[in-house]
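S.K.: Structure: input33.cif, mmCIF, C-alpha atoms.
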data_query
#
loop_
_atom_site.label_atom_id
_atom_site.label_comp_id
_atom_site.auth_asym_id
_atom_site.auth_seq_id
_atom_site.Cartn_x
_atom_site.Cartn_y
_atom_site.Cartn_z
CA MET U 1291 -0.64 2.16 28.21
CA LYS U 1292 0.56 4.16 25.21
CA SER U 1293 4.32 4.29 24.71
CA LYS U 1294 6.30 7.49 24.21
CA ALA U 1295 5.69 8.96 20.76
CA VAL U 1296 8.37 8.53 18.10
CA SER U 1297 8.73 10.37 14.79
CA HIS U 1298 9.18 9.19 11.23
CA SER U 1299 12.85 10.21 11.39
CA ASP U 1300 13.30 8.19 14.60
CA LEU U 1301 12.30 5.05 12.69
CA LYS U 1302 14.34 5.70 9.53
CA LEU U 1303 16.94 3.03 10.33
CA SER U 1304 14.56 0.54 11.98
CA CYS U 1305 13.74 -2.89 10.56
CA GLY U 1306 10.19 -3.97 9.74
CA LYS U 1307 9.72 -5.75 13.06
CA GLN U 1308 10.81 -2.62 14.98
CA VAL U 1309 8.49 -0.34 13.00
CA ARG U 1310 5.57 -2.72 13.60
CA ALA U 1311 6.39 -2.78 17.32
CA ALA U 1312 6.31 1.03 17.45
CA ILE U 1313 2.97 1.02 15.67
CA ARG U 1314 1.49 -1.74 17.84
CA SER U 1315 2.53 0.08 21.03
CA GLY U 1316 0.79 3.25 19.84
CA SER U 1317 3.97 5.29 19.72
CA TYR U 1318 3.82 5.84 15.94
CA ASN U 1319 0.79 6.43 13.72
CA GLY U 1320 2.29 8.24 10.73
CA HIS U 1321 2.84 7.21 7.10
CA THR U 1322 5.34 4.49 6.21
CA ALA U 1323 6.97 5.91 3.06
CA GLY U 1324 10.74 5.50 3.36
CA LEU U 1325 10.64 3.19 6.38
CA ALA U 1326 12.19 -0.31 6.67
CA ALA U 1327 14.20 0.04 3.49
CA GLY U 1328 14.51 -3.25 1.63
CA LYS U 1329 11.27 -4.73 2.94
CA LEU U 1330 8.00 -5.27 1.09
CA GLN U 1331 5.23 -2.89 2.12
CA CYS U 1332 1.60 -3.94 1.73
CA ASN U 1333 -1.81 -2.44 1.14
CA LEU U 1334 -4.68 -4.17 2.95
CA ALA U 1335 -8.21 -5.28 2.28
CA ILE U 1336 -9.97 -7.11 5.12
CA LEU U 1337 -13.43 -8.41 4.32
CA PRO U 1338 -15.93 -11.18 5.20
CA GLU U 1339 -15.14 -14.61 3.77
CA GLU U 1340 -18.35 -14.70 1.72
CA PHE U 1341 -17.01 -11.88 -0.48
CA ALA U 1342 -13.33 -12.84 -0.47
CA LEU U 1343 -13.35 -15.20 -3.46
CA ASP U 1344 -14.89 -12.64 -5.82
CA PHE U 1345 -12.48 -10.02 -4.50
CA LEU U 1346 -9.52 -12.31 -5.17
CA ARG U 1347 -10.88 -12.91 -8.69
CA PHE U 1348 -10.99 -9.14 -9.12
CA CYS U 1349 -7.37 -8.84 -7.99
CA GLN U 1350 -6.27 -11.64 -10.33
CA ARG U 1351 -7.88 -9.82 -13.26
CA ASN U 1352 -6.28 -6.49 -12.31
CA PRO U 1353 -2.74 -7.35 -11.19
CA LYS U 1354 -1.21 -3.89 -11.74
CA PRO U 1355 -3.20 -2.09 -9.02
CA CYS U 1356 -3.99 -5.25 -7.02
CA PRO U 1357 -0.93 -7.56 -6.83
CA VAL U 1358 -1.82 -10.14 -4.16
CA VAL U 1359 1.16 -10.91 -1.91
CA GLY U 1360 -0.57 -12.63 1.01
CA VAL U 1361 -3.91 -14.06 2.16
CA SER U 1362 -4.79 -14.99 5.74
CA ASP U 1363 -6.74 -17.95 7.00
CA THR U 1364 -10.33 -17.03 7.79
CA GLY U 1365 -10.58 -15.37 11.18
CA ASN U 1366 -6.83 -15.49 11.80
CA PRO U 1367 -5.27 -12.04 12.33
CA ASN U 1368 -1.76 -13.36 11.72
CA LEU U 1369 0.09 -13.34 8.38
CA PRO U 1370 3.00 -15.76 8.93
CA THR U 1371 3.95 -15.83 5.25
CA LEU U 1372 4.73 -12.10 5.40
CA GLY U 1373 6.37 -11.71 8.78
CA HIS U 1374 7.04 -12.93 12.29
CA ASN U 1375 4.27 -12.29 14.80
CA ILE U 1376 2.28 -9.93 12.56
CA ASP U 1377 -1.08 -9.05 14.10
CA ILE U 1378 -3.11 -7.37 11.41
CA ARG U 1379 -5.43 -5.86 14.03
CA SER U 1380 -2.75 -3.57 15.46
CA ASP U 1381 0.35 -3.52 13.22
CA VAL U 1382 -0.82 -0.87 10.72
CA SER U 1383 -0.44 2.76 11.75
CA LYS U 1384 -3.92 3.77 10.60
CA TYR U 1385 -6.96 1.88 9.31
CA ARG U 1386 -10.21 2.81 7.65
CA ILE U 1387 -13.44 0.99 8.47
CA PHE U 1388 -16.23 1.01 5.90
CA ARG U 1389 -19.79 -0.18 6.54
CA ASP U 1390 -22.15 -0.62 3.57
CA GLY U 1391 -19.85 1.52 1.46
CA VAL U 1392 -19.63 4.41 3.92
CA LEU U 1393 -16.52 5.37 5.89
CA SER U 1394 -17.47 4.87 9.53
CA GLY U 1395 -14.12 5.62 11.13
CA GLU U 1396 -10.36 5.92 10.93
CA VAL U 1397 -8.57 4.16 13.80
CA THR U 1398 -5.18 2.84 14.89
CA ASP U 1399 -6.43 -0.57 16.07
CA VAL U 1400 -9.25 -2.78 14.79
CA SER U 1401 -9.32 -5.41 17.55
CA ASP U 1402 -12.79 -4.33 18.67
CA VAL U 1403 -14.32 -4.92 15.22
CA TRP U 1404 -12.42 -8.11 14.40
CA SER U 1405 -14.58 -11.21 13.82
CA LYS U 1406 -14.01 -14.86 13.02
CA ASP U 1407 -15.27 -14.58 9.42
CA LEU U 1408 -12.77 -11.94 8.26
CA VAL U 1409 -10.10 -12.61 5.64
CA THR U 1410 -7.07 -10.38 5.12
CA VAL U 1411 -5.77 -9.81 1.60
CA ALA U 1412 -2.37 -8.12 1.43
CA LEU U 1413 -1.45 -6.31 -1.79
CA GLY U 1414 1.92 -5.03 -2.96
CA CYS U 1415 2.70 -1.32 -2.58
CA SER U 1416 4.72 1.10 -4.69
CA PHE U 1417 6.57 2.30 -1.57
CA THR U 1418 8.59 -0.90 -2.05
CA PHE U 1419 10.30 0.05 -5.33
CA GLU U 1420 11.02 3.59 -4.16
CA ASN U 1421 14.04 2.28 -2.27
CA ALA U 1422 15.44 0.98 -5.56
CA LEU U 1423 14.87 4.36 -7.22
CA LEU U 1424 16.74 6.11 -4.43
CA ARG U 1425 19.64 3.66 -4.61
CA ASN U 1426 20.00 4.64 -8.26
CA ASP U 1427 19.97 8.37 -7.48
CA ILE U 1428 16.49 8.91 -8.86
CA PRO U 1429 14.74 11.48 -6.66
CA VAL U 1430 11.48 10.60 -4.88
CA ARG U 1431 9.97 13.97 -4.05
CA HIS U 1432 7.50 13.02 -1.33
CA ILE U 1433 10.23 11.21 0.61
CA GLU U 1434 12.60 14.18 0.15
CA THR U 1435 9.99 16.50 1.62
CA GLY U 1436 8.61 14.17 4.31
CA ARG U 1437 5.18 13.93 2.72
CA ASN U 1438 2.78 11.19 1.69
CA VAL U 1439 2.75 10.21 -1.99
CA PRO U 1440 0.09 12.01 -4.08
CA MET U 1441 -2.72 9.71 -5.25
CA TYR U 1442 -5.35 10.39 -7.90
CA ARG U 1443 -8.51 8.86 -9.31
CA SER U 1444 -8.06 7.97 -12.97
CA ASN U 1445 -10.44 7.11 -15.81
CA ILE U 1446 -8.84 3.70 -16.40
CA ASP U 1447 -11.55 1.02 -16.20
CA LEU U 1448 -10.82 -2.25 -14.40
CA ALA U 1449 -11.95 -5.78 -15.24
CA PRO U 1450 -14.96 -6.59 -12.99
CA ALA U 1451 -15.54 -9.69 -10.88
CA GLY U 1452 -18.87 -10.28 -9.16
CA ARG U 1453 -19.89 -7.08 -7.39
CA PHE U 1454 -16.37 -5.60 -7.62
CA SER U 1455 -15.59 -3.06 -10.36
CA GLY U 1456 -14.37 0.50 -10.82
CA GLN U 1457 -11.48 2.67 -12.01
CA MET U 1458 -7.78 2.60 -11.17
CA VAL U 1459 -6.18 4.90 -8.62
CA VAL U 1460 -2.64 6.02 -9.48
CA THR U 1461 0.34 7.51 -7.67
CA MET U 1462 2.48 10.23 -9.24
CA ARG U 1463 6.20 10.90 -8.87
CA PRO U 1464 8.02 13.70 -10.71
CA ILE U 1465 11.06 12.16 -12.44
CA PRO U 1466 13.84 14.06 -14.25
CA GLU U 1467 13.27 13.57 -17.98
CA ALA U 1468 16.68 11.95 -18.48
CA GLN U 1469 15.87 9.33 -15.81
CA VAL U 1470 12.34 8.34 -16.83
CA ALA U 1471 13.48 5.34 -18.87
CA GLN U 1472 15.63 4.15 -15.98
CA ALA U 1473 12.74 4.58 -13.52
CA LYS U 1474 10.55 2.47 -15.81
CA GLU U 1475 13.17 -0.25 -16.02
CA ILE U 1476 13.80 -0.33 -12.26
CA SER U 1477 10.14 -0.43 -11.23
CA SER U 1478 9.38 -3.13 -13.83
CA LYS U 1479 11.50 -5.49 -11.72
CA PHE U 1480 8.94 -5.24 -8.90
CA PRO U 1481 5.73 -6.75 -10.33
CA GLN U 1482 4.55 -7.53 -6.78
CA ALA U 1483 4.70 -3.77 -6.09
CA HIS U 1484 2.76 -2.50 -9.14
CA GLY U 1485 5.68 -2.86 -11.57
CA SER U 1486 6.31 -0.36 -14.36
CA PRO U 1487 4.35 2.91 -14.80
CA ILE U 1488 0.96 2.95 -16.50
CA ALA U 1489 1.40 6.46 -17.96
CA VAL U 1490 3.89 9.31 -18.35
CA GLY U 1491 3.33 13.02 -18.96
CA ASP U 1492 0.00 14.79 -19.44
CA PRO U 1493 -2.35 13.91 -16.55
CA ALA U 1494 -5.42 14.53 -18.74
CA GLN U 1495 -4.66 11.35 -20.69
CA ILE U 1496 -5.76 9.33 -17.66
CA GLY U 1497 -8.49 11.65 -16.45
CA ILE U 1498 -6.62 13.74 -13.88
CA ALA U 1499 -7.64 17.40 -13.98
CA ASP U 1500 -5.16 19.00 -11.58
CA LEU U 1501 -1.95 17.50 -10.16
CA THR U 1502 -1.91 20.11 -7.40
CA LYS U 1503 -5.10 18.60 -5.96
CA PRO U 1504 -4.54 14.89 -5.24
CA ASP U 1505 -7.50 12.84 -4.02
CA TRP U 1506 -5.31 11.34 -1.28
CA GLY U 1507 -1.84 12.11 0.04
CA ASP U 1508 0.03 15.37 -0.47
CA ALA U 1509 0.74 17.49 -3.54
CA VAL U 1510 4.43 17.70 -4.48
CA GLU U 1511 6.39 20.15 -6.59
CA ILE U 1512 7.21 19.27 -10.21
CA LYS U 1513 10.46 21.06 -10.98
CA PRO U 1514 11.61 22.29 -14.41
CA GLY U 1515 12.95 19.38 -16.45
CA GLU U 1516 10.84 16.82 -14.57
CA ILE U 1517 7.99 14.76 -15.99
CA PRO U 1518 5.09 13.34 -13.96
CA VAL U 1519 5.13 9.54 -13.99
CA TYR U 1520 2.13 7.48 -12.87
CA TRP U 1521 2.03 4.06 -11.27
CA ALA U 1522 -0.95 1.87 -10.38
CA CYS U 1523 -1.89 2.32 -6.71
CA GLY U 1524 -3.09 -0.02 -3.98
CA VAL U 1525 -5.76 2.47 -2.91
CA THR U 1526 -7.66 1.13 -5.96
CA PRO U 1527 -9.25 -1.77 -4.05
CA GLN U 1528 -10.43 0.65 -1.35
CA ASN U 1529 -12.58 2.45 -3.91
CA VAL U 1530 -13.77 -0.85 -5.34
CA LEU U 1531 -14.71 -2.18 -1.90
CA LEU U 1532 -16.50 1.07 -1.10
CA ASP U 1533 -18.55 0.91 -4.30
CA ALA U 1534 -19.43 -2.76 -3.63
CA LYS U 1535 -21.16 -1.67 -0.40
CA ILE U 1536 -20.40 -4.86 1.50
CA PRO U 1537 -21.49 -4.88 5.17
CA ILE U 1538 -17.99 -4.27 6.52
CA CYS U 1539 -14.48 -3.96 5.18
CA ILE U 1540 -11.27 -2.68 6.70
CA THR U 1541 -8.39 -1.15 4.77
CA HIS U 1542 -5.19 0.71 5.53
CA SER U 1543 -5.44 4.48 5.40
CA PRO U 1544 -3.67 5.79 2.26
CA GLY U 1545 0.07 5.90 2.89
CA HIS U 1546 -0.13 3.84 6.09
CA MET U 1547 1.07 0.39 5.01
CA LEU U 1548 1.76 -2.94 6.63
CA ILE U 1549 5.53 -3.45 6.65
CA SER U 1550 6.47 -7.08 6.11
CA ASP U 1551 9.66 -9.03 6.76
CA VAL U 1552 9.83 -10.15 3.12
CA ALA U 1553 12.71 -8.73 1.10
CA GLU U 1554 11.50 -6.29 -1.56
CA ASP U 1555 13.39 -8.24 -4.24
CA ALA U 1556 12.40 -11.72 -3.03
CA GLU U 1557 11.52 -14.24 -5.74
CA THR U 1558 8.27 -14.99 -3.90
CA THR U 1559 6.40 -13.25 -1.09
CA ILE U 1560 6.30 -16.37 1.09
CA LEU U 1561 8.64 -15.95 4.03
CA THR U 1562 10.55 -19.17 4.78
CA LYS U 1563 11.18 -20.51 8.29
CA ASN U 1564 14.88 -19.66 7.94
CA GLU U 1565 14.04 -16.05 7.03
CA THR U 1566 11.61 -15.85 9.95
CA ASN U 1567 14.32 -17.03 12.33
CA LYS U 1568 16.71 -14.35 11.03
CA GLU U 1569 14.20 -11.66 11.95
CA ASN U 1570 14.01 -12.85 15.58
#
Reformat the file's structure so that it appears as structure tokens.
M.R.:
Amino acid sequence: MKSKAVSHSDLKLSCGKQVRAAIRSGSYNGHTAGLAAGKLQCNLAILPEEFALDFLRFCQRNPKPCPVVGVSDTGNPNLPTLGHNIDIRSDVSKYRIFRDGVLSGEVTDVSDVWSKDLVTVALGCSFTFENALLRNDIPVRHIETGRNVPMYRSNIDLAPAGRFSGQMVVTMRPIPEAQVAQAKEISSKFPQAHGSPIAVGDPAQIGIADLTKPDWGDAVEIKPGEIPVYWACGVTPQNVLLDAKIPICITHSPGHMLISDVAEDAETTILTKNETNKEN
């Protein structure tokens, strides 16, 4: 039975475990930007084991858009290194299912398509370092306005591995010109969450024609005195998986991340037993 619906603002002060519980119960299916401050958020790629090694090679060769922060055992829907009692089949607010490179559905639970040969790869997300920007009084427009971050296809080629190849997807945040250097420095301290920006300024330099028309997410206002700043984005592997046309793969929907129990500034993304106990 579905629980009573809750809003993004209702969950603002909730911890990762509480947000996941709201998602699992069906009471929340919105985006996760600005939720569970201080915790690592993750992009997802779930695919058959026979393709997982090449995909992990692809991620290793392209760490900016694809920073691996967790890998499940084959067929196991749990991710104990990232959080207590995570069930990857139900703890993400919205998933996309692709079959042979074609989107076949967007759902809030993937239990009915789960199989014993699937491997989950969790990738760092730029939502993580946004909390650090806000703590330093650097505005994050999409959070200010309650929107999803704008995401764009770029012309930046990626290093291929096996059948996986393609171009980088980027996120954009308008940053006041006087704070761009500080934003670069802050985000560089989060290599597991895409790290420092890959470009600043003119969108044409990375193949973006119109910032008012993002490929995913929501357009945001760029105010006078602000400069668009671009970071690598975890939607990148979704495009790569789509182009590879593997029989089935499951990803998060853009902006709908897995929230872990790992601290955003943790030295590693492996949750210790002591940290797990603290979350209980």
S.K.: Which of these, U:Ile1387, U:Val1309, U:Cys1356, U:Ala1553, has the shortest distance to Met1458 of chain U once you count only C-alpha atoms?
M.R.: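 Smallest separation from Met1458 of chain U among the options: U:Cys1356.
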S.K.: Go through U:Leu1303, U:Ala1312, U:Val1382, U:Leu1369 one by one, measure the shortest atom-to-atom distance of each to Leu1561 of chain U using only C-alpha atoms, and give the residue with the smallest value.
M.R.: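 Nearest to Leu1561 of chain U: U:Leu1369.
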S.K.: May I ask which of the residues U:Asp1533, U:Asp1363, U:Asp1500, U:Asp1377 is the closest one to Lys1307 of chain U, counting only C-alpha atoms?
M.R.: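 Closest candidate: U:Asp1377.
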S.K.: Quick one: residues within 9 Å of segment 1388-1390 of chain U, all atoms listed in the file, excluding same-chain residues fewer than 4 positions away - as a ChimeraX atom specification?
M.R.: /U:1394-1395,1531-1541
S.K.: Translate the PyMOL selection byres ((chain U and resi 1445) around 10) into a concrete residue list for this structure, as a PyMOL selection string.
M.R.: chain U and resi 1442-1444+1446-1448+1456-1459+1494-1498
S.K.: Could you list the residues chosen by the PyMOL selection byres ((chain U and resi 1378) around 12) in this structure as a PDB file with C-alpha atoms, in the coordinates of the input?
M.R.:
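Contents of expr_13.pdb, freshly written:
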ATOM      1  CA  ARG U1310       5.570  -2.720  13.600  1.00  0.00           C
ATOM      2  CA  ILE U1313       2.970   1.020  15.670  1.00  0.00           C
ATOM      3  CA  ARG U1314       1.490  -1.740  17.840  1.00  0.00           C
ATOM      4  CA  CYS U1332       1.600  -3.940   1.730  1.00  0.00           C
ATOM      5  CA  ASN U1333      -1.810  -2.440   1.140  1.00  0.00           C
ATOM      6  CA  LEU U1334      -4.680  -4.170   2.950  1.00  0.00           C
ATOM      7  CA  ALA U1335      -8.210  -5.280   2.280  1.00  0.00           C
ATOM      8  CA  ILE U1336      -9.970  -7.110   5.120  1.00  0.00           C
ATOM      9  CA  GLY U1360      -0.570 -12.630   1.010  1.00  0.00           C
ATOM     10  CA  VAL U1361      -3.910 -14.060   2.160  1.00  0.00           C
ATOM     11  CA  SER U1362      -4.790 -14.990   5.740  1.00  0.00           C
ATOM     12  CA  GLY U1365     -10.580 -15.370  11.180  1.00  0.00           C
ATOM     13  CA  ASN U1366      -6.830 -15.490  11.800  1.00  0.00           C
ATOM     14  CA  PRO U1367      -5.270 -12.040  12.330  1.00  0.00           C
ATOM     15  CA  ASN U1368      -1.760 -13.360  11.720  1.00  0.00           C
ATOM     16  CA  LEU U1369       0.090 -13.340   8.380  1.00  0.00           C
ATOM     17  CA  PRO U1370       3.000 -15.760   8.930  1.00  0.00           C
ATOM     18  CA  LEU U1372       4.730 -12.100   5.400  1.00  0.00           C
ATOM     19  CA  GLY U1373       6.370 -11.710   8.780  1.00  0.00           C
ATOM     20  CA  HIS U1374       7.040 -12.930  12.290  1.00  0.00           C
ATOM     21  CA  ASN U1375       4.270 -12.290  14.800  1.00  0.00           C
ATOM     22  CA  ILE U1376       2.280  -9.930  12.560  1.00  0.00           C
ATOM     23  CA  ASP U1377      -1.080  -9.050  14.100  1.00  0.00           C
ATOM     24  CA  ARG U1379      -5.430  -5.860  14.030  1.00  0.00           C
ATOM     25  CA  SER U1380      -2.750  -3.570  15.460  1.00  0.00           C
ATOM     26  CA  ASP U1381       0.350  -3.520  13.220  1.00  0.00           C
ATOM     27  CA  VAL U1382      -0.820  -0.870  10.720  1.00  0.00           C
ATOM     28  CA  SER U1383      -0.440   2.760  11.750  1.00  0.00           C
ATOM     29  CA  LYS U1384      -3.920   3.770  10.600  1.00  0.00           C
ATOM     30  CA  TYR U1385      -6.960   1.880   9.310  1.00  0.00           C
ATOM     31  CA  THR U1398      -5.180   2.840  14.890  1.00  0.00           C
ATOM     32  CA  ASP U1399      -6.430  -0.570  16.070  1.00  0.00           C
ATOM     33  CA  VAL U1400      -9.250  -2.780  14.790  1.00  0.00           C
ATOM     34  CA  SER U1401      -9.320  -5.410  17.550  1.00  0.00           C
ATOM     35  CA  TRP U1404     -12.420  -8.110  14.400  1.00  0.00           C
ATOM     36  CA  LEU U1408     -12.770 -11.940   8.260  1.00  0.00           C
ATOM     37  CA  VAL U1409     -10.100 -12.610   5.640  1.00  0.00           C
ATOM     38  CA  THR U1410      -7.070 -10.380   5.120  1.00  0.00           C
ATOM     39  CA  VAL U1411      -5.770  -9.810   1.600  1.00  0.00           C
ATOM     40  CA  ALA U1412      -2.370  -8.120   1.430  1.00  0.00           C
ATOM     41  CA  ILE U1540     -11.270  -2.680   6.700  1.00  0.00           C
ATOM     42  CA  THR U1541      -8.390  -1.150   4.770  1.00  0.00           C
ATOM     43  CA  HIS U1542      -5.190   0.710   5.530  1.00  0.00           C
ATOM     44  CA  MET U1547       1.070   0.390   5.010  1.00  0.00           C
ATOM     45  CA  LEU U1548       1.760  -2.940   6.630  1.00  0.00           C
ATOM     46  CA  ILE U1549       5.530  -3.450   6.650  1.00  0.00           C
ATOM     47  CA  SER U1550       6.470  -7.080   6.110  1.00  0.00           C
TER      48      SER U1550
END
S.K.: Taking the file above as input, evaluate the PyMOL selection byres ((chain U and resi 1472) around 12) and report the hits as a PyMOL selection string.
M.R.: chain U and resi 1422-1424+1426-1429+1465-1471+1473-1479+1486-1487+1519
S.K.: Show which residues sit within 9 Å of Val1510 of chain U, as a JSON list (two decimals) with C-alpha atoms, in the coordinates of the input. Count only C-alpha atoms, and ignore same-chain residues fewer than 6 positions away.
M.R.:
[["chain", "number", "residue", "atom", "x", "y", "z"],
["U", 1431, "ARG", "CA", 9.97, 13.97, -4.05],
["U", 1432, "HIS", "CA", 7.50, 13.02, -1.33],
["U", 1435, "THR", "CA", 9.99, 16.50, 1.62],
["U", 1437, "ARG", "CA", 5.18, 13.93, 2.72],
["U", 1439, "VAL", "CA", 2.75, 10.21, -1.99],
["U", 1440, "PRO", "CA", 0.09, 12.01, -4.08],
["U", 1463, "ARG", "CA", 6.20, 10.90, -8.87],
["U", 1464, "PRO", "CA", 8.02, 13.70, -10.71],
["U", 1501, "LEU", "CA", -1.95, 17.50, -10.16],
["U", 1502, "THR", "CA", -1.91, 20.11, -7.40]]
S.K.: Determine, counting all atoms listed in the file, which protein, DNA and RNA residues have an atom within 7 Å of an atom of Phe1348 of chain U; residues of the same chain fewer than 3 positions away are not included. Present the result as a ChimeraX atom specification.
M.R.: /U:1344-1345,1351-1352,1450-1451,1454
S.K.: Of the residues U:Cys1349, U:Leu1301, U:Val1359, U:Val1296, which is the one nearest to Val1530 of chain U, using all atoms listed in the file?
M.R.: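 Of U:Cys1349, U:Leu1301, U:Val1359, U:Val1296, the one nearest Val1530 of chain U, counting all atoms listed in the file, is U:Cys1349.
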S.K.: Pick from U:Thr1418, U:Gln1482, U:Thr1461, U:Gln1308: nearest to Asp1505 of chain U, with all atoms listed in the file counted?
M.R.: U:Thr1461
S.K.: Could you tell me how far atom CA of Ile1517 of chain U sits from atom CA of Ser1299 of chain U, in Å to one decimal place?
M.R.: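 Separation between atom CA of Ser1299 of chain U and atom CA of Ile1517 of chain U: 28.2 Å.
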S.K.: Is there a way to get, as a PyMOL selection string, all residues within 6 Å of the point (13.5, -0.2, 9.9) in file coordinates, counting only C-alpha atoms?
M.R.: chain U and resi 1302-1306+1309+1325-1326
S.K.: Within 7 Å of (0.4, 1.4, 1.0) (file coordinates; only C-alpha atoms), which protein or nucleic acid residues are there? I'd like them as a ChimeraX atom specification.
M.R.: /U:1331-1333,1415,1417,1524,1544-1547
